[in-house]
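Structure file data-v9.cif (mmCIF, C-alpha atoms (C1' of nucleotides)) is printed below.
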```cif
data_model
#
loop_
_atom_site.label_atom_id
_atom_site.label_comp_id
_atom_site.auth_asym_id
_atom_site.auth_seq_id
_atom_site.Cartn_x
_atom_site.Cartn_y
_atom_site.Cartn_z
CA MET A 1 14.85 8.81 96.55
CA LYS A 2 15.68 9.54 100.16
CA LEU A 3 18.73 7.81 101.55
CA ALA A 4 20.80 8.22 104.66
CA THR A 5 24.09 7.03 106.07
CA TRP A 6 24.68 6.44 109.80
CA ASN A 7 27.60 5.03 111.73
CA VAL A 8 25.64 3.57 114.65
CA ASN A 9 28.55 2.27 116.78
CA SER A 10 26.96 -1.17 117.35
CA ILE A 11 23.57 -2.00 115.82
CA ARG A 12 22.59 -4.09 118.83
CA ALA A 13 23.16 -1.13 121.16
CA ARG A 14 21.36 1.24 118.78
CA ALA A 15 18.51 -0.85 117.31
CA GLU A 16 15.75 1.13 119.02
CA HIS A 17 17.26 4.46 117.97
CA VAL A 18 17.42 3.21 114.39
CA ALA A 19 13.85 1.88 114.48
CA ARG A 20 12.49 5.14 115.83
CA TRP A 21 14.47 7.12 113.26
CA LEU A 22 13.21 4.94 110.39
CA GLU A 23 9.63 5.55 111.47
CA ALA A 24 10.19 9.30 111.75
CA GLU A 25 12.19 9.83 108.56
CA ALA A 26 10.97 6.97 106.33
CA PRO A 27 14.04 6.84 104.07
CA ASP A 28 14.08 4.50 101.09
CA LEU A 29 17.57 3.34 102.07
CA LEU A 30 19.56 3.52 105.30
CA LEU A 31 23.27 2.73 105.10
CA LEU A 32 24.69 1.56 108.42
CA GLN A 33 28.33 1.35 109.50
CA GLU A 34 30.08 -0.12 112.53
CA ILE A 35 27.34 -2.61 113.20
CA LYS A 36 29.96 -4.59 115.18
CA CYS A 37 28.40 -8.01 114.73
CA GLU A 38 28.14 -10.92 112.36
CA ALA A 39 25.14 -11.17 110.05
CA ALA A 40 23.46 -13.81 112.23
CA ALA A 41 23.38 -11.39 115.19
CA PHE A 42 21.95 -8.47 113.18
CA PRO A 43 18.45 -7.58 114.48
CA ALA A 44 16.85 -7.83 111.03
CA GLU A 45 13.42 -8.75 112.43
CA ARG A 46 13.17 -5.44 114.27
CA PHE A 47 13.44 -3.58 110.96
CA ALA A 48 11.41 -6.08 108.92
CA GLY A 49 8.50 -5.17 111.16
CA LEU A 50 8.83 -1.61 109.85
CA GLY A 51 8.91 -2.71 106.23
CA TYR A 52 12.69 -2.75 105.73
CA ARG A 53 14.78 -5.51 104.21
CA ALA A 54 18.37 -5.93 105.43
CA GLU A 55 21.55 -6.79 103.55
CA VAL A 56 24.41 -7.35 105.96
CA VAL A 57 28.18 -7.63 105.63
CA GLY A 58 29.11 -8.48 109.19
CA GLN A 59 32.19 -9.14 111.29
CA LYS A 60 32.62 -9.99 114.93
CA SER A 61 33.44 -7.07 117.27
CA TYR A 62 34.63 -4.56 114.71
CA ASN A 63 33.47 -2.83 111.54
CA GLY A 64 30.48 -4.28 109.69
CA VAL A 65 28.11 -2.54 107.25
CA ALA A 66 24.48 -3.08 106.31
CA ILE A 67 21.79 -1.58 104.12
CA LEU A 68 18.15 -1.35 105.18
CA SER A 69 15.79 -0.79 102.24
CA ARG A 70 12.08 -0.44 101.59
CA PRO A 71 12.37 -1.13 97.84
CA PRO A 72 14.06 -4.39 96.88
CA VAL A 73 17.75 -4.07 96.09
CA VAL A 74 20.19 -6.24 94.18
CA VAL A 75 23.58 -6.80 95.80
CA ARG A 76 26.44 -5.95 93.43
CA ALA A 77 29.43 -6.34 95.78
CA ARG A 78 30.09 -7.43 99.37
CA ALA A 79 33.68 -6.18 99.45
CA LEU A 80 35.75 -3.55 97.73
CA PRO A 81 37.48 -5.12 94.73
CA GLY A 82 41.24 -4.80 94.53
CA LEU A 83 42.34 -5.08 98.16
CA ALA A 84 45.11 -7.52 98.94
CA GLU A 85 44.09 -11.05 99.94
CA GLY A 86 43.94 -11.42 103.69
CA ALA A 87 43.23 -7.73 104.17
CA GLU A 88 39.46 -8.17 104.01
CA GLN A 89 37.40 -6.43 106.63
CA ALA A 90 33.64 -5.86 106.56
CA ARG A 91 33.72 -2.32 105.22
CA TYR A 92 31.88 -2.21 101.88
CA LEU A 93 28.48 -3.19 100.51
CA GLU A 94 27.19 -2.11 97.10
CA VAL A 95 23.63 -2.51 95.86
CA ALA A 96 21.47 -1.41 92.97
CA ALA A 97 18.15 0.18 93.92
CA ASP A 98 16.22 0.53 90.70
CA ARG A 99 18.73 2.33 88.43
CA LEU A 100 20.76 3.96 91.22
CA VAL A 101 23.91 2.21 92.43
CA VAL A 102 24.64 2.77 96.12
CA GLY A 103 27.95 1.95 97.78
CA ASN A 104 27.97 1.87 101.58
CA LEU A 105 31.46 2.30 103.00
CA TYR A 106 33.32 2.37 106.30
CA ALA A 107 36.84 3.56 105.63
CA PRO A 108 39.60 2.59 108.07
CA ASN A 109 40.32 5.10 110.82
CA GLY A 110 44.09 4.84 110.36
CA ASN A 111 45.15 5.93 113.84
CA SER A 112 45.77 2.46 115.26
CA GLY A 113 48.43 0.01 114.20
CA GLY A 114 51.12 2.58 113.59
CA GLU A 115 52.24 3.38 110.07
CA ALA A 116 50.99 -0.01 108.85
CA GLY A 117 47.52 0.94 110.02
CA PHE A 118 47.72 4.25 108.21
CA ALA A 119 49.05 2.54 105.08
CA TYR A 120 46.02 0.24 105.15
CA LYS A 121 43.74 3.27 105.25
CA LEU A 122 45.44 4.74 102.18
CA ALA A 123 45.37 1.41 100.32
CA TRP A 124 41.68 1.07 101.11
CA LEU A 125 40.95 4.59 99.83
CA GLU A 126 42.94 3.81 96.69
CA ALA A 127 40.74 0.78 96.07
CA LEU A 128 37.69 2.98 96.64
CA ALA A 129 38.92 5.45 94.01
CA ALA A 130 39.40 2.58 91.58
CA ARG A 131 35.84 1.47 92.28
CA ALA A 132 34.56 5.01 91.69
CA ALA A 133 36.42 5.13 88.37
CA ALA A 134 34.89 1.80 87.35
CA LEU A 135 31.40 3.04 88.20
CA LEU A 136 31.98 6.21 86.19
CA ALA A 137 33.05 4.09 83.24
CA GLU A 138 29.90 2.04 83.68
CA ASP A 139 27.94 5.29 83.27
CA VAL A 140 25.37 4.54 85.95
CA PRO A 141 24.16 7.15 88.47
CA PHE A 142 25.68 6.31 91.84
CA VAL A 143 26.23 7.40 95.43
CA LEU A 144 29.22 6.40 97.55
CA ALA A 145 28.22 7.20 101.10
CA GLY A 146 29.40 6.34 104.56
CA ASP A 147 32.05 7.02 107.17
CA TYR A 148 35.11 8.19 105.22
CA ASN A 149 37.11 8.94 108.38
CA ILE A 150 38.43 12.09 106.70
CA CYS A 151 37.87 15.75 107.50
CA PRO A 152 38.29 17.04 103.94
CA ALA A 153 39.25 20.61 104.90
CA GLU A 154 39.88 22.82 107.94
CA ALA A 155 36.21 23.88 107.90
CA ASP A 156 35.33 20.26 108.59
CA LEU A 157 36.54 20.15 112.19
CA ALA A 158 36.28 22.37 115.23
CA ALA A 159 39.48 24.25 116.01
CA GLY A 160 41.69 22.06 118.13
CA ALA A 161 39.46 19.00 117.91
CA LEU A 162 42.32 16.94 116.41
CA GLY A 163 46.07 17.29 116.18
CA PRO A 164 47.77 17.77 112.81
CA GLU A 165 49.17 14.22 112.88
CA ASP A 166 45.74 12.64 113.25
CA ALA A 167 44.92 10.20 110.44
CA LEU A 168 41.61 12.00 109.85
CA VAL A 169 43.35 15.21 108.79
CA ARG A 170 46.75 14.09 107.50
CA PRO A 171 47.55 15.46 104.04
CA GLU A 172 47.60 11.97 102.52
CA SER A 173 44.04 11.35 103.75
CA ARG A 174 42.81 14.66 102.40
CA SER A 175 44.55 14.00 99.11
CA ALA A 176 42.73 10.67 98.83
CA PHE A 177 39.41 12.47 99.34
CA ARG A 178 40.27 15.17 96.78
CA ARG A 179 41.10 12.46 94.29
CA LEU A 180 37.49 11.29 94.46
CA LEU A 181 36.29 14.84 93.84
CA TRP A 182 38.70 15.24 90.92
CA LEU A 183 37.22 12.13 89.34
CA GLY A 184 34.06 14.18 89.08
CA LEU A 185 32.16 13.29 92.25
CA THR A 186 30.19 15.85 94.28
CA ASP A 187 30.31 16.13 98.08
CA ALA A 188 26.54 16.41 98.61
CA VAL A 189 26.49 18.12 102.01
CA ARG A 190 29.25 20.61 101.18
CA ALA A 191 27.63 21.42 97.83
CA LEU A 192 24.46 22.58 99.60
CA HIS A 193 26.15 24.04 102.70
CA PRO A 194 29.23 25.76 101.29
CA GLY A 195 30.06 27.73 104.41
CA GLY A 196 28.39 26.08 107.35
CA ARG A 197 29.57 23.94 110.23
CA VAL A 198 27.90 20.69 109.30
CA PHE A 199 29.53 18.24 111.69
CA THR A 200 28.53 14.58 111.71
CA PHE A 201 30.54 13.31 114.70
CA TRP A 202 31.23 14.42 118.25
CA ASP A 203 33.46 12.43 120.59
CA TYR A 204 31.86 10.92 123.70
CA GLN A 205 34.63 12.39 125.82
CA ALA A 206 35.21 15.81 127.33
CA ARG A 207 31.64 17.00 126.64
CA ALA A 208 32.51 17.39 122.98
CA PHE A 209 28.90 17.74 121.78
CA GLU A 210 27.99 20.37 124.35
CA ARG A 211 31.08 22.35 123.29
CA ASP A 212 30.42 21.62 119.59
CA LEU A 213 33.88 20.12 119.17
CA GLY A 214 32.73 18.14 116.16
CA LEU A 215 34.05 16.67 112.93
CA ARG A 216 32.59 16.24 109.45
CA ILE A 217 33.68 12.77 108.43
CA ASP A 218 30.50 11.08 107.15
CA HIS A 219 29.99 11.97 103.51
CA ALA A 220 27.85 11.20 100.47
CA LEU A 221 29.71 11.53 97.17
CA LEU A 222 27.54 11.68 94.06
CA SER A 223 28.20 10.80 90.44
CA PRO A 224 27.49 13.62 87.95
CA ALA A 225 24.01 12.32 87.12
CA ALA A 226 23.15 11.87 90.80
CA ALA A 227 24.47 15.35 91.55
CA GLU A 228 22.11 16.79 88.94
CA ALA A 229 19.26 15.23 90.93
CA LEU A 230 20.46 16.49 94.35
CA ARG A 231 17.69 18.26 96.28
CA ALA A 232 18.76 18.11 99.94
CA ALA A 233 21.66 16.93 102.10
CA ARG A 234 22.03 17.44 105.82
CA PRO A 235 23.27 15.81 109.00
CA ASP A 236 20.54 15.13 111.56
CA ARG A 237 22.31 16.81 114.45
CA GLU A 238 19.44 16.31 116.88
CA GLU A 239 20.19 12.59 117.14
CA ARG A 240 23.42 13.32 118.98
CA ALA A 241 21.48 14.92 121.90
CA ARG A 242 19.51 11.75 122.70
CA GLU A 243 20.16 9.26 125.48
CA GLN A 244 22.89 6.72 124.70
CA PRO A 245 23.45 8.02 121.17
CA SER A 246 25.96 6.93 118.60
CA ASP A 247 28.88 9.34 118.39
CA HIS A 248 27.87 9.88 114.72
CA VAL A 249 24.55 11.27 113.45
CA PRO A 250 22.64 10.30 110.29
CA VAL A 251 23.39 12.19 107.09
CA VAL A 252 20.31 12.43 104.86
CA VAL A 253 20.42 12.90 101.08
CA GLU A 254 17.40 13.45 98.85
CA LEU A 255 17.62 12.91 95.10
CA ALA A 256 14.89 13.66 92.54
CA LEU A 257 15.35 10.42 90.63
"C1'" DA B 1 50.67 15.22 129.68
"C1'" DT B 2 46.83 12.22 130.62
"C1'" DG B 3 42.32 10.72 130.59
"C1'" DC B 4 37.97 12.11 129.69
"C1'" DC B 5 33.33 7.72 126.94
"C1'" DG B 6 31.54 3.79 125.23
"C1'" DG B 7 31.28 -0.23 122.30
"C1'" DG B 8 33.29 -4.90 121.85
"C1'" DT B 9 35.22 -9.50 123.95
"C1'" DC B 10 39.05 -14.42 125.64
"C1'" DC B 11 34.49 -11.85 131.59
"C1'" DT B 12 37.78 -8.42 132.83
"C1'" DA B 13 41.53 -5.83 131.55
"C1'" DC B 14 42.33 -4.45 127.15
"C1'" DC B 15 41.50 -3.21 122.18
"C1'" DC B 16 39.50 0.18 119.07
"C1'" DG B 17 37.26 4.28 117.91
"C1'" DA B 18 38.24 9.51 115.76
#
```
Any chance you could put this one into C-alpha cells?
Amino acid sequence: MKLATWNVNSIRARAEHVARWLEAEAPDLLLLQEIKCEAAAFPAERFAGLGYRAEVVGQKSYNGVAILSRPPVVVRARALPGLAEGAEQARYLEVAADRLVVGNLYAPNGNSGGEAGFAYKLAWLEALAARAAALLAEDVPFVLAGDYNICPAEADLAAGALGPEDALVRPESRSAFRRLLWLGLTDAVRALHPGGRVFTFWDYQARAFERDLGLRIDHALLSPAAAEALRAARPDREERAREQPSDHVPVVVELAL
DNA sequence: ATGCCGGGTCCTACCCGA
C-alpha cells in the first residue's frame, strides 16, 4: 500500500501537477487538502482518466479535502465527530481501503481570528484525538494523515522561520500533537528520519525554498499495526522546485500490508 | 517594523494561509 498526502493549495490551480505526479508515483491513495472548491467544481474527470476515483468533501474558497484512489474505498466519515454544531468546515474525510482505515485531515491553522481562532484549532485537535482513540478501540489498522499545521519539535522548522507565538509552534499545539503520540501512534516520517531536516512546506515569500526556510507540518500518524508494516516515508521535496507549485510537497508512505 | 507570494472571491480590495 502506497499512500501520500498533499496540501495542494487549490486543486483547480494544481490539477496538472497532481495528474503528472499520479502518473509518476502511482500511489494507491492520494489524500488532498486545501482543494478550495465545492465538490461540483472538483476536476474528478482529469483523475478518472488516470484510473483514480475521487471522494470529495468540498467547501467554497477555503479548506476542502479529497481522496483519490485506485482501489475502491468505502467512506466512513465526511466530518470529524464531536465538533460543536455550526463549527463544521470541510477538513476531514475517512475511508476504508480494504482493511486499512485512512483519515485525511486538514487541521486549522490557528493564526487568524485571534484567540477564538486558536481555540478552534485546539478544539479540532481534541476531536481528532477522540477519533484516534475510537479507532484504537475498534482495533483496525489506520493512518491519520494530512496537514496538521503543527511543527512538533524545534527540529521541525528552520531557525527563525516562525516566531514563538505562532500557532504552529505554540506549546498547546505541540501538546495536542504529543497527545496523539502518547495514544500509541507513530509519526511515520520522523520514525524513519530521526535526525534529518524533512520539511514539507516552504512559504512563497522571501525566497523561503531557496534558503530552505521550511517547516515540517504535514504528517502521517500510524496505528500500532500500521507502524509494524511501515517500509518508507518521505516528503517529495522536488515538487517544491517546479513552476507554480503548491507551498506544500507530497508526503509518501509505503506500508507492507 | 513591514511586506515579501499566491490562492480565493462580493471583480477588486481584501481575506486567509503558515
List, as a PDB file with C-alpha atoms (C1' of nucleotides), in the coordinates of the input, every residue that the PyMOL selection byres ((chain B) within 7 of (chain A)) selects in the file provided.
```pdb
ATOM      1  C1'  DC B   4      37.970  12.110 129.690  1.00  0.00           C
ATOM      2  C1'  DC B   5      33.330   7.720 126.940  1.00  0.00           C
ATOM      3  C1'  DG B   7      31.280  -0.230 122.300  1.00  0.00           C
ATOM      4  C1'  DG B   8      33.290  -4.900 121.850  1.00  0.00           C
ATOM      5  C1'  DA B  18      38.240   9.510 115.760  1.00  0.00           C
TER       6       DA B  18
END
```
For chain B, take all atoms listed in the file, fit an axis-aligned box around them, add 4 Å to each of the six sides, then output centre and edge lengths in Å rounded to one decimal, as lines of an AutoDock Vina configuration file.
```
center_x = 41.0
center_y = 0.4
center_z = 124.3
size_x = 27.4
size_y = 37.6
size_z = 25.1
```
Just the number, please: distance in Å from atom CA of A:Ala233 to atom CA of A:Pro250, one decimal.
10.6 Å
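Residue nearest B:DG17, chosen from A:Leu136, A:Arg234, A:Asp98, A:His248 and counting all atoms listed in the file: A:His248.
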For a quick check of your reading of the model, name the residues lying within 12 Å of the coordinate (47.2, 5.0, 100.8), counting all atoms listed in the file, and write them as number ranges by chain.
A: 83, 107-108, 110, 115-129, 167, 170-177, 179
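Interatomic distance, atom CA of A:Thr200 against atom CA of A:Ala158: 11.5 Å.
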Shortest interatomic distance to B:DC15 - which of A:Val189, A:Gly113, A:Glu94, A:Glu25, counting only C-alpha atoms (C1' of nucleotides)
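Among the listed residues, A:Gly113 lies closest to B:DC15.
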Residues matched by the PyMOL selection byres ((chain A and resi 33) around 7), written as a PyMOL selection string
chain A and resi 6-8+31-32+34-35+63-66+106
Print the selection's residues with C-alpha atoms to a file, as a compact mmCIF listing (two decimals), in the coordinates of the input.
```txt
# COMPACT_ATOMS: atom_id res chain seq x y z
CA TRP A 6 24.68 6.44 109.80
CA ASN A 7 27.60 5.03 111.73
CA VAL A 8 25.64 3.57 114.65
CA LEU A 31 23.27 2.73 105.10
CA LEU A 32 24.69 1.56 108.42
CA GLU A 34 30.08 -0.12 112.53
CA ILE A 35 27.34 -2.61 113.20
CA ASN A 63 33.47 -2.83 111.54
CA GLY A 64 30.48 -4.28 109.69
CA VAL A 65 28.11 -2.54 107.25
CA ALA A 66 24.48 -3.08 106.31
CA TYR A 106 33.32 2.37 106.30
```
Any chance you could resolve the PyMOL selection byres ((chain A and resi 69) around 6) against this file and give the residues as a list in words?
Asp28, Leu29, Tyr52, Arg53, Leu68, Arg70 and Pro71 of chain A
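When atom CA of A:Gln59 is paired with atom C1' of B:DC10, their separation reads 16.8 Å.
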May I have the protein, DNA and RNA residues with an atom at most 7 Å from (26.0, 16.9, 111.9), counting all atoms listed in the file in the file's coordinates, returned as number ranges by chain?
A: 198-201, 235-237, 249
